[in-house]
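Containing TSV, C-alpha atoms and all ligand atoms: my_file-v9.tsv.
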```tsv
chain	number	residue	atom	x	y	z
A	134	MET	CA	102.95	86.26	104.06
A	135	LYS	CA	101.54	85.75	100.58
A	136	LYS	CA	99.93	88.70	98.86
A	137	ILE	CA	96.37	87.81	97.87
A	138	LEU	CA	94.33	89.73	95.32
A	139	VAL	CA	90.61	88.96	95.19
A	140	LEU	CA	88.37	89.46	92.15
A	141	ALA	CA	84.64	89.42	92.89
A	142	SER	CA	81.49	90.67	91.16
A	143	GLY	CA	78.67	90.32	93.67
A	144	ARG	CA	77.63	89.51	97.21
A	145	GLY	CA	81.14	88.58	98.30
A	146	SER	CA	80.43	85.94	100.94
A	147	ASN	CA	83.45	83.94	99.73
A	148	PHE	CA	85.49	87.14	99.86
A	149	GLN	CA	84.30	87.59	103.46
A	150	ALA	CA	85.43	84.05	104.32
A	151	ILE	CA	88.92	84.96	103.04
A	152	ILE	CA	88.92	88.23	105.00
A	153	ASP	CA	88.00	86.33	108.18
A	154	ALA	CA	90.62	83.63	107.59
A	155	SER	CA	93.28	86.25	107.01
A	156	ARG	CA	92.34	88.24	110.11
A	157	THR	CA	92.36	85.16	112.35
A	158	GLN	CA	95.63	84.09	110.70
A	159	LYS	CA	94.20	80.78	109.56
A	160	ILE	CA	95.87	81.60	106.28
A	161	LYS	CA	99.35	83.06	105.97
A	162	GLY	CA	98.17	85.64	103.54
A	163	GLU	CA	97.28	89.29	103.39
A	164	ILE	CA	94.53	90.60	101.10
A	165	ILE	CA	96.18	93.43	99.19
A	166	ALA	CA	93.14	94.54	97.17
A	167	LEU	CA	89.72	93.76	95.73
A	168	ILE	CA	89.10	94.19	92.03
A	169	THR	CA	85.51	94.21	90.85
A	170	ASN	CA	83.80	94.68	87.50
A	171	ASN	CA	80.56	95.69	89.22
A	172	ILE	CA	80.19	99.08	90.86
A	173	SER	CA	77.19	97.77	92.88
A	174	ALA	CA	78.94	94.65	94.21
A	175	LYS	CA	78.28	94.08	97.91
A	176	ALA	CA	81.88	92.90	98.11
A	177	ILE	CA	82.96	96.56	97.90
A	178	GLY	CA	81.38	97.37	101.27
A	179	ARG	CA	83.07	94.36	102.84
A	180	ALA	CA	86.45	95.55	101.54
A	181	LYS	CA	85.92	99.11	102.75
A	182	LYS	CA	84.95	97.89	106.21
A	183	HIS	CA	88.32	96.17	106.45
A	184	HIS	CA	90.32	98.95	104.77
A	185	ILE	CA	91.11	96.83	101.75
A	186	PRO	CA	91.75	98.94	98.61
A	187	VAL	CA	89.11	98.56	95.89
A	188	TYR	CA	89.58	98.95	92.14
A	189	VAL	CA	86.56	98.98	89.84
A	190	ILE	CA	87.64	97.84	86.39
A	191	HIS	CA	84.83	97.12	84.00
A	192	SER	CA	84.29	96.71	80.33
A	193	GLN	CA	83.03	99.82	78.55
A	194	LYS	CA	81.18	97.67	76.07
A	195	ASN	CA	77.74	96.40	76.95
A	196	LEU	CA	78.56	92.81	76.14
A	197	ASP	CA	77.63	89.54	77.73
A	198	PRO	CA	80.16	89.48	80.60
A	199	ARG	CA	80.85	85.81	79.94
A	200	LEU	CA	82.22	86.65	76.48
A	201	ARG	CA	85.87	87.36	76.30
A	202	GLY	CA	88.47	89.05	74.25
A	203	ASP	CA	86.84	92.04	72.63
A	204	ASP	CA	87.50	94.93	74.94
A	205	LEU	CA	91.20	95.62	74.75
A	206	THR	CA	91.00	98.68	77.01
A	207	PHE	CA	89.46	96.59	79.77
A	208	GLU	CA	91.99	93.82	79.29
A	209	LYS	CA	94.91	96.20	79.37
A	210	LYS	CA	93.65	98.03	82.46
A	211	LEU	CA	93.07	94.79	84.32
A	212	LEU	CA	96.46	93.35	83.46
A	213	THR	CA	98.32	96.58	84.23
A	214	GLN	CA	96.59	96.98	87.59
A	215	CYS	CA	97.26	93.38	88.59
A	216	GLN	CA	100.89	93.59	87.50
A	217	GLU	CA	101.28	96.70	89.58
A	218	LEU	CA	99.74	95.01	92.62
A	219	ASN	CA	102.06	92.05	92.00
A	220	PRO	CA	100.08	89.40	93.95
A	221	ASP	CA	101.33	85.90	94.79
A	222	LEU	CA	97.78	84.60	94.41
A	223	ILE	CA	94.64	85.81	92.62
A	224	VAL	CA	91.37	84.42	93.95
A	225	LEU	CA	88.24	84.53	91.81
A	226	ALA	CA	85.49	84.67	94.42
A	227	GLY	CA	82.34	84.91	92.34
A	228	TYR	CA	84.01	86.92	89.57
A	229	MET	CA	81.48	86.79	86.75
A	230	LYS	CA	83.66	87.66	83.82
A	231	ILE	CA	85.87	85.36	81.82
A	232	LEU	CA	89.46	86.50	82.06
A	233	PRO	CA	91.45	87.34	78.93
A	234	GLN	CA	93.82	84.63	77.68
A	235	ASN	CA	96.94	86.78	78.06
A	236	PHE	CA	95.98	87.55	81.66
A	237	ILE	CA	95.69	83.84	82.44
A	238	LYS	CA	99.03	83.13	80.75
A	239	HIS	CA	100.71	85.91	82.72
A	240	PHE	CA	99.49	84.56	86.07
A	241	LYS	CA	99.70	80.85	85.26
A	242	ASN	CA	99.18	78.64	88.33
A	243	LYS	CA	98.54	81.72	90.43
A	244	ILE	CA	94.79	82.14	89.82
A	245	ILE	CA	92.23	79.99	91.63
A	246	ASN	CA	88.46	79.85	91.27
A	247	ILE	CA	85.59	78.50	93.36
A	248	HIS	CA	82.81	76.75	91.45
A	249	PRO	CA	79.51	75.50	92.96
A	250	ALA	CA	79.58	71.96	91.51
A	251	LEU	CA	81.83	68.93	91.36
A	252	LEU	CA	83.77	69.73	88.20
A	253	PRO	CA	84.02	68.55	85.48
A	254	GLN	CA	80.27	68.14	86.04
A	255	PHE	CA	78.18	71.27	85.52
A	256	PRO	CA	80.65	73.97	84.44
A	257	GLY	CA	79.51	77.47	83.52
A	258	LEU	CA	76.53	79.38	84.85
A	259	HIS	CA	73.73	78.03	87.10
A	260	ALA	CA	75.67	74.97	88.21
A	261	GLN	CA	73.23	74.25	91.03
A	262	LYS	CA	70.24	74.40	88.67
A	263	GLN	CA	72.06	72.12	86.23
A	264	ALA	CA	72.62	69.59	89.05
A	265	LEU	CA	68.93	69.64	90.03
A	266	GLN	CA	67.74	69.32	86.44
A	267	ASN	CA	70.11	66.43	85.86
A	268	GLY	CA	68.65	64.51	88.81
A	269	THR	CA	72.09	63.89	90.30
A	270	LYS	CA	72.04	62.93	93.99
A	271	VAL	CA	75.32	64.55	94.99
A	272	SER	CA	76.81	67.89	94.04
A	273	GLY	CA	79.28	70.12	95.85
A	274	CYS	CA	82.01	72.61	95.14
A	275	THR	CA	85.42	72.69	93.50
A	276	VAL	CA	88.43	74.94	93.91
A	277	HIS	CA	90.70	74.81	90.88
A	278	PHE	CA	93.52	76.64	89.18
A	279	VAL	CA	92.28	78.70	86.27
A	280	ASP	CA	93.42	77.77	82.79
A	281	GLU	CA	92.29	79.03	79.39
A	282	GLY	CA	89.01	77.08	79.45
A	283	VAL	CA	85.81	77.80	81.39
A	284	ASP	CA	85.93	76.03	84.79
A	285	THR	CA	88.42	73.50	83.44
A	286	GLY	CA	91.77	74.01	85.21
A	287	PRO	CA	93.60	71.59	87.55
A	288	ILE	CA	91.45	70.70	90.56
A	289	ILE	CA	92.82	71.53	94.02
A	290	LEU	CA	90.00	70.51	96.41
A	291	GLN	CA	86.41	69.30	96.16
A	292	GLU	CA	83.68	68.81	98.76
A	293	LYS	CA	80.45	66.90	98.30
A	294	VAL	CA	76.99	68.14	99.20
A	295	PRO	CA	74.02	65.75	99.05
A	296	ILE	CA	71.00	66.82	97.01
A	297	LEU	CA	67.77	66.37	98.95
A	298	GLY	CA	64.42	65.43	97.45
A	299	ASN	CA	62.83	68.77	98.29
A	300	ASP	CA	65.79	70.95	97.29
A	301	THR	CA	65.21	74.08	95.25
A	302	GLU	CA	67.95	75.97	93.46
A	303	GLU	CA	68.02	78.33	96.43
A	304	THR	CA	68.27	75.74	99.21
A	305	LEU	CA	70.90	73.75	97.36
A	306	SER	CA	72.90	76.91	96.57
A	307	ASP	CA	72.81	77.90	100.24
A	308	ARG	CA	74.10	74.52	101.41
A	309	ILE	CA	76.82	74.44	98.75
A	310	LEU	CA	77.82	78.01	99.67
A	311	GLN	CA	78.55	76.98	103.27
A	312	LYS	CA	80.96	74.34	101.92
A	313	GLU	CA	82.44	76.79	99.42
A	314	HIS	CA	83.61	79.10	102.19
A	315	LEU	CA	85.46	76.29	103.99
A	316	THR	CA	86.89	74.69	100.83
A	317	LEU	CA	88.11	77.98	99.38
A	318	VAL	CA	89.86	78.91	102.63
A	319	SER	CA	91.45	75.44	102.85
A	320	ALA	CA	92.78	75.74	99.30
A	321	ILE	CA	94.19	79.20	99.99
A	322	GLU	CA	95.78	77.86	103.17
A	323	LEU	CA	97.50	75.12	101.14
A	324	PHE	CA	98.68	77.65	98.55
A	325	CYS	CA	100.02	80.03	101.20
A	326	ASN	CA	101.92	77.17	102.85
A	327	ASP	CA	103.50	76.24	99.47
A	328	LYS	CA	101.80	72.85	99.58
A	329	LEU	CA	100.47	72.85	96.00
A	330	GLU	CA	102.36	71.60	93.00
A	331	VAL	CA	100.95	71.44	89.47
A	332	LYS	CA	102.42	68.77	87.22
A	333	GLU	CA	101.05	67.79	83.83
A	334	GLY	CA	97.70	69.39	84.52
A	335	LYS	CA	97.20	67.79	87.93
A	336	VAL	CA	97.53	69.24	91.41
A	337	TYR	CA	99.61	67.37	93.98
A	338	ILE	CA	99.32	68.28	97.65
A	339	LYS	CA	102.78	68.07	99.22
A	401	LIG	C1	79.38	81.31	94.54
A	401	LIG	O1	78.40	80.32	94.52
A	401	LIG	C2	80.52	80.95	93.63
A	401	LIG	O2	80.81	79.60	93.62
A	401	LIG	C3	79.98	81.37	92.30
A	401	LIG	O3	79.31	82.58	92.54
A	401	LIG	C4	78.87	82.60	93.90
A	401	LIG	C5	79.44	83.83	94.55
A	401	LIG	O4	78.95	84.01	95.85
A	401	LIG	N1	81.04	81.46	91.32
A	401	LIG	P1	79.57	85.12	96.79
A	401	LIG	O5	79.61	86.41	95.98
A	401	LIG	O6	80.95	84.67	97.17
A	401	LIG	O7	78.67	85.23	97.96
```
Final structure tokens representation of the file:
Amino acid sequence: MKKILVLASGRGSNFQAIIDASRTQKIKGEIIALITNNISAKAIGRAKKHHIPVYVIHSQKNLDPRLRGDDLTFEKKLLTQCQELNPDLIVLAGYMKILPQNFIKHFKNKIINIHPALLPQFPGLHAQKQALQNGTKVSGCTVHFVDEGVDTGPIILQEKVPILGNDTEETLSDRILQKEHLTLVSAIELFCNDKLEVKEGKVYIK
């Protein structure tokens, strides 16, 4: 059984998909804890319901959460807590804070993220809105290993979602979200079965 640590900041529907997959043993992994930077995250309630320990670790500085590197207390707390938990895999499931560089180095090839677009298209915030504004006909979701960039690491799995003529940001986000849950669980399943290998910045599925 792999030890999975989830980091989430909000609603936590992807977190819920991982909880369900772990409970039904679709994935050979146990969720050892949830770490959140948001005391009001709905994900906390989901964790409590399933007796998953929760750690709230947030920056004391009122900075744009997408900025990194200037709250050393936060960085140290996060790294120390994660080292203590000693996970095999860290899943960013809607974690809205960029991780410190030293954290990423420490857990190299052990952190995965779900992004609501077909990377490298539309990285960063509001990926679904970016897709609509761009007039693209197909978007989707990507699960990737996290490297030092923003939404740039080696891609594990992607799933397409067509964009319909009458789509709004909300309807498109909802349809992509359904795919996110499946794709994220599939990627975790591959990781837990030791099927992923990263070579020269690319993921190979064994
Ligand atoms: C998802 O769309 C995820 O791709 C993005 O933030 C959203 C989180 O949704 N990074 P939820 O909290 O998992 O419901």
Quick one: contact table of chain A to ligand LIG 401 (chain A), 6 Å max, nearest atom pair and distance in Å to one decimal per residue, counting all atoms listed in the file, chain and number order, as a Markdown table?
```
| residue | atom | partner | partner_atom | distance |
| --- | --- | --- | --- | --- |
| A:Gly143 | CA | A:LIG401 | O5 | 4.6 |
| A:Arg144 | CA | A:LIG401 | O5 | 3.9 |
| A:Gly145 | CA | A:LIG401 | O5 | 3.5 |
| A:Ser146 | CA | A:LIG401 | O7 | 3.5 |
| A:Asn147 | CA | A:LIG401 | O6 | 3.7 |
| A:Phe148 | CA | A:LIG401 | O6 | 5.8 |
| A:Ala226 | CA | A:LIG401 | O6 | 5.3 |
| A:Gly227 | CA | A:LIG401 | C5 | 3.8 |
| A:Ile247 | CA | A:LIG401 | O2 | 4.9 |
| A:His248 | CA | A:LIG401 | O2 | 4.1 |
| A:Pro249 | CA | A:LIG401 | O2 | 4.4 |
| A:Leu310 | CA | A:LIG401 | O1 | 5.7 |
```
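Distances to Asn171 (chain A) were evaluated for A:Leu205, A:Leu290, A:Met229, A:Val331 using all atoms listed in the file, and the minimum falls at A:Met229.
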**OP:** May I have the protein, DNA and RNA residues with an atom at most 12 Å from (87.2, 96.1, 102.4), counting only C-alpha atoms in the file's coordinates, returned as a ChimeraX atom specification?
**Re:** /A:138-139,141,145,148-149,151-153,164-169,174-188
Subject >> Residue contacts of region 233-246 of chain A (10 Å, all atoms listed in the file) excluding same-chain residues fewer than 2 positions away, as a PyMOL selection string >> reply: chain A and resi 137-140+200-205+207-209+211-213+215-216+219-228+230-231+248+275-282+284+286-289+317+320-321+324+329-331
Restricted to C-alpha atoms, what would the selected residues look like written as a compact mmCIF listing (two decimals), keeping the file's coordinate frame?
```txt
# COMPACT_ATOMS: atom_id res chain seq x y z
CA ILE A 137 96.37 87.81 97.87
CA LEU A 138 94.33 89.73 95.32
CA VAL A 139 90.61 88.96 95.19
CA LEU A 140 88.37 89.46 92.15
CA LEU A 200 82.22 86.65 76.48
CA ARG A 201 85.87 87.36 76.30
CA GLY A 202 88.47 89.05 74.25
CA ASP A 203 86.84 92.04 72.63
CA ASP A 204 87.50 94.93 74.94
CA LEU A 205 91.20 95.62 74.75
CA PHE A 207 89.46 96.59 79.77
CA GLU A 208 91.99 93.82 79.29
CA LYS A 209 94.91 96.20 79.37
CA LEU A 211 93.07 94.79 84.32
CA LEU A 212 96.46 93.35 83.46
CA THR A 213 98.32 96.58 84.23
CA CYS A 215 97.26 93.38 88.59
CA GLN A 216 100.89 93.59 87.50
CA ASN A 219 102.06 92.05 92.00
CA PRO A 220 100.08 89.40 93.95
CA ASP A 221 101.33 85.90 94.79
CA LEU A 222 97.78 84.60 94.41
CA ILE A 223 94.64 85.81 92.62
CA VAL A 224 91.37 84.42 93.95
CA LEU A 225 88.24 84.53 91.81
CA ALA A 226 85.49 84.67 94.42
CA GLY A 227 82.34 84.91 92.34
CA TYR A 228 84.01 86.92 89.57
CA LYS A 230 83.66 87.66 83.82
CA ILE A 231 85.87 85.36 81.82
CA HIS A 248 82.81 76.75 91.45
CA THR A 275 85.42 72.69 93.50
CA VAL A 276 88.43 74.94 93.91
CA HIS A 277 90.70 74.81 90.88
CA PHE A 278 93.52 76.64 89.18
CA VAL A 279 92.28 78.70 86.27
CA ASP A 280 93.42 77.77 82.79
CA GLU A 281 92.29 79.03 79.39
CA GLY A 282 89.01 77.08 79.45
CA ASP A 284 85.93 76.03 84.79
CA GLY A 286 91.77 74.01 85.21
CA PRO A 287 93.60 71.59 87.55
CA ILE A 288 91.45 70.70 90.56
CA ILE A 289 92.82 71.53 94.02
CA LEU A 317 88.11 77.98 99.38
CA ALA A 320 92.78 75.74 99.30
CA ILE A 321 94.19 79.20 99.99
CA PHE A 324 98.68 77.65 98.55
CA LEU A 329 100.47 72.85 96.00
CA GLU A 330 102.36 71.60 93.00
CA VAL A 331 100.95 71.44 89.47
```
Subject >> Near-region 294-301 of chain A list (7 Å; only C-alpha atoms; drop same-chain fewer than 5 positions) as a ChimeraX atom specification >> reply: /A:270-273,309
**OP:** Identify the residues within 10 Å of coordinate (94.5, 83.7, 107.2) (same frame as the file), considering all atoms listed in the file, and give the answer as a PyMOL selection string.
**Re:** chain A and resi 134-135+150-164+318-319+321-322+325
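Taking CA of Asn326 (chain A) as the reference point, CA of Lys136 (chain A) is found at 12.4 Å.
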